[in-house]
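Worksheet: one structure, shown below.
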Amino acid sequence: MKIFITGASGFVGSAYLKAYAREHQITAMSRSEKSDAVIKALGATPVRSELGKVTPEQLKGNDAVIHCAAHVEEWGPWADYWRINVDGTKQLLAAAKSAAIKRFVHIGTEAALLHGQHLRNVDETYPLALNSPFPYSRTKAHAEKAVLEANDLKVGFTTISVRPRFVWGPGDQTLLPAIKAMIDKGQFAWVGGGVNKTSTTYIGNLVYAMNLALTKGEGGQAYFVLDGDSVVFRPFVTRMLSAAGITPPDRTVPGWLVRAIAYAGEKTWRALSLGGKPPVSRFAAMIMTRDCILSDAKARREMGYAPPTSVDDGLKALAASV
């Protein structure tokens with residue numbers, strides 16, 4: 001299959017290329033010479049463009065688009081989130097439809113459901129948080145809404161959203177490096193004791209699901225893809241850190257205190273137009289103090305999804321990659 005992919009030099013996109021570049025003929029959006037080199041090394045062909053500016057001509061000849069790119073920063077102007085996550089996705093959808101692309105696979109997120117609450121035993125019938133107070137959540141919700149509404153049987157344009165939760169494993173460019181940096185600076189603590197429960201998605205299981213979505217699943221639908229049963233945050237992250245050769249401290253801090261600090265910090269940063277970012281964002285404080293227990297029964301039923309890698313084997317792969 002001929003595929004165009006965005007976000008190819010990121011954690012998820014690069015993992016997909018590593019796993020499937022030999023199986024498919026893949027071209028990848030690239031914004032720089034550095035990304036060109038990464039993409040070529042992974043076995044794909046770079047195409048110089050960026051979200052919001054992908055042309056139908058750059059997509060023509062492909063069978064599918066896999067859309068991994070997104071603005072995932074914890075802090076920044078709302079306009080940046082909207083321009084990249086929403087407008088960028090809508091423009092890519094329009095270009096794909098114009099280029100007669102048959103399948104559009106969007107990498108969504110459980111964050112698109114969040115406005116500050118726990119998620120417990122949630123499936124895909126749970127509503128998108130279109131008015132979330134968190135820019136990442138709100139814009140990813142609107143992006144997914146646009147993707148699913150673009151499904152068009154009349155012209156053979158099929159759109160699907162694949163939703164992982166807590167993506168982890170070899171190649172992680174965000175979570176493990178951030179935790180290690182906090183530990184090295186003496187700033188790490190378990191928020192609320194780390195007792196909240198969460199679903200997880202090993203990177204190998206995610207890219208397997210992405211590949212399934214090229215031919216499986218119903219158009220206009222979203223699918224959670226997970227490792228299996230939920231885990232307790234602290235024991236799981238401790239195992240993950242141990243696999244990476246990192247030992248976290250035992251220090252804990254109350255969840256209410258972190259949320260208060262995050263709220264005050266954001267108010268201060270905005271009021272004074274301070275540079276950089278607050279010590280902790282409201283979104284991060286919320287994520288670390290809320291259960292997120294999801295169901296992937298729909299993906300198993302409709303896509304034939306069955307995670308090929310167990311948590312234990314994923315941890316072994318992570319240890320071997322360090």
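Identifiers for the structure tokens are assigned positionally: chains receive A, B, ... in sequence, residues are indexed from 1 per chain, and ligands are indexed from 1 in the order shown.
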Pick out the residues sitting within 7 Å of stretch 96-110 of chain A, and hand them over as a ChimeraX atom specification; count only C-alpha atoms, and ignore anything fewer than 3 positions along from it in its own chain. /A:56-57,59-60,62-68,92-93,113,144,156-165,213-214
Backbone-only DSSP, helix (DSSP H, G or I) members of stretch 87-278 of chain A, as a PyMOL selection string: chain A and resi 87-98+110-113+135-149+175-184+192-194+203-212+233-243+255-272
List as a PyMOL selection string the protein and nucleic acid residues near A:His115, meaning an atom at most 8 Å away when only C-alpha atoms are counted, but skip any in the same chain fewer than 2 places from it. chain A and resi 113+117+129+131-134+137
Could those selected residues go to a file with N, CA and C atoms, as a PDB file, in the first residue's frame?
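File written: part26.pdb
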```pdb
ATOM      1  N   LEU A 113     -11.409  13.600  25.545  1.00  0.00           N
ATOM      2  CA  LEU A 113     -12.620  13.430  26.358  1.00  0.00           C
ATOM      3  C   LEU A 113     -12.535  14.194  27.678  1.00  0.00           C
ATOM      4  N   GLN A 117     -12.213  15.499  34.709  1.00  0.00           N
ATOM      5  CA  GLN A 117     -12.872  14.431  35.448  1.00  0.00           C
ATOM      6  C   GLN A 117     -12.091  13.116  35.390  1.00  0.00           C
ATOM      7  N   ALA A 129     -14.811  16.204  24.546  1.00  0.00           N
ATOM      8  CA  ALA A 129     -14.793  17.409  25.389  1.00  0.00           C
ATOM      9  C   ALA A 129     -14.549  18.634  24.514  1.00  0.00           C
ATOM     10  N   ASN A 131     -15.611  21.548  24.728  1.00  0.00           N
ATOM     11  CA  ASN A 131     -15.453  22.796  25.479  1.00  0.00           C
ATOM     12  C   ASN A 131     -14.483  22.632  26.647  1.00  0.00           C
ATOM     13  N   SER A 132     -13.547  21.714  26.518  1.00  0.00           N
ATOM     14  CA  SER A 132     -12.571  21.486  27.578  1.00  0.00           C
ATOM     15  C   SER A 132     -11.791  22.765  27.899  1.00  0.00           C
ATOM     16  N   PRO A 133     -11.443  22.979  29.181  1.00  0.00           N
ATOM     17  CA  PRO A 133     -10.627  24.141  29.535  1.00  0.00           C
ATOM     18  C   PRO A 133      -9.152  23.963  29.175  1.00  0.00           C
ATOM     19  N   PHE A 134      -8.797  22.760  28.720  1.00  0.00           N
ATOM     20  CA  PHE A 134      -7.402  22.471  28.381  1.00  0.00           C
ATOM     21  C   PHE A 134      -7.221  22.535  26.858  1.00  0.00           C
ATOM     22  N   SER A 137      -6.734  19.134  24.964  1.00  0.00           N
ATOM     23  CA  SER A 137      -7.946  18.326  24.955  1.00  0.00           C
ATOM     24  C   SER A 137      -8.992  18.898  24.004  1.00  0.00           C
TER      25      SER A 137
END
```
Long-range neighbours of A:Leu175 as a list in words, 12 Å cut-off, only C-alpha atoms, 6 positions minimum in chain: Phe11, Val72, Phe166, Val167, Trp168, Gly169, Ala181, Met182, Val237, Met240, Leu241, Ala244 and Ala284 of chain A
Hey, can you spit out that residue selection with N, CA and C atoms as a short mmCIF file (atom, residue, chain, number, x, y, z; two decimals), in the first residue's frame?
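Okay, again-v9.cif is ready:
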```
data_model
loop_
_atom_site.label_atom_id
_atom_site.label_comp_id
_atom_site.auth_asym_id
_atom_site.auth_seq_id
_atom_site.Cartn_x
_atom_site.Cartn_y
_atom_site.Cartn_z
N PHE A 11 7.74 10.16 18.03
CA PHE A 11 7.72 8.85 18.69
C PHE A 11 6.85 7.85 17.94
N VAL A 72 1.50 18.99 20.98
CA VAL A 72 1.25 18.28 22.23
C VAL A 72 1.89 18.98 23.44
N PHE A 166 -1.59 6.77 27.14
CA PHE A 166 -0.30 6.61 27.85
C PHE A 166 0.65 5.75 27.02
N VAL A 167 1.06 6.28 25.87
CA VAL A 167 1.94 5.54 24.96
C VAL A 167 3.34 5.46 25.56
N TRP A 168 3.90 4.25 25.61
CA TRP A 168 5.19 4.04 26.25
C TRP A 168 5.99 3.01 25.45
N GLY A 169 7.30 2.95 25.73
CA GLY A 169 8.14 1.95 25.10
C GLY A 169 9.39 2.54 24.50
N ALA A 181 14.65 13.96 33.81
CA ALA A 181 15.13 15.33 34.06
C ALA A 181 14.67 15.82 35.42
N MET A 182 13.42 15.53 35.79
CA MET A 182 12.91 15.95 37.10
C MET A 182 13.64 15.24 38.23
N VAL A 237 4.73 2.78 36.51
CA VAL A 237 5.79 3.71 36.12
C VAL A 237 7.11 3.33 36.77
N MET A 240 8.54 0.72 34.63
CA MET A 240 9.00 1.32 33.39
C MET A 240 10.33 2.04 33.60
N LEU A 241 10.43 2.81 34.68
CA LEU A 241 11.66 3.52 34.98
C LEU A 241 12.79 2.54 35.27
N ALA A 244 14.35 1.23 32.29
CA ALA A 244 15.21 2.23 31.65
C ALA A 244 16.41 2.59 32.52
N ALA A 284 -1.34 18.83 33.17
CA ALA A 284 -0.49 17.79 33.74
C ALA A 284 -0.94 17.43 35.15
#
```
Contacts of A:Ala299 within 12 Å, only C-alpha atoms, excl. fewer than 3 positions in-chain, as an MDAnalysis selection string: chainID A and resid 123:124 160:164 206 208:210 212:213 216:218 221:228 294:296 302:307
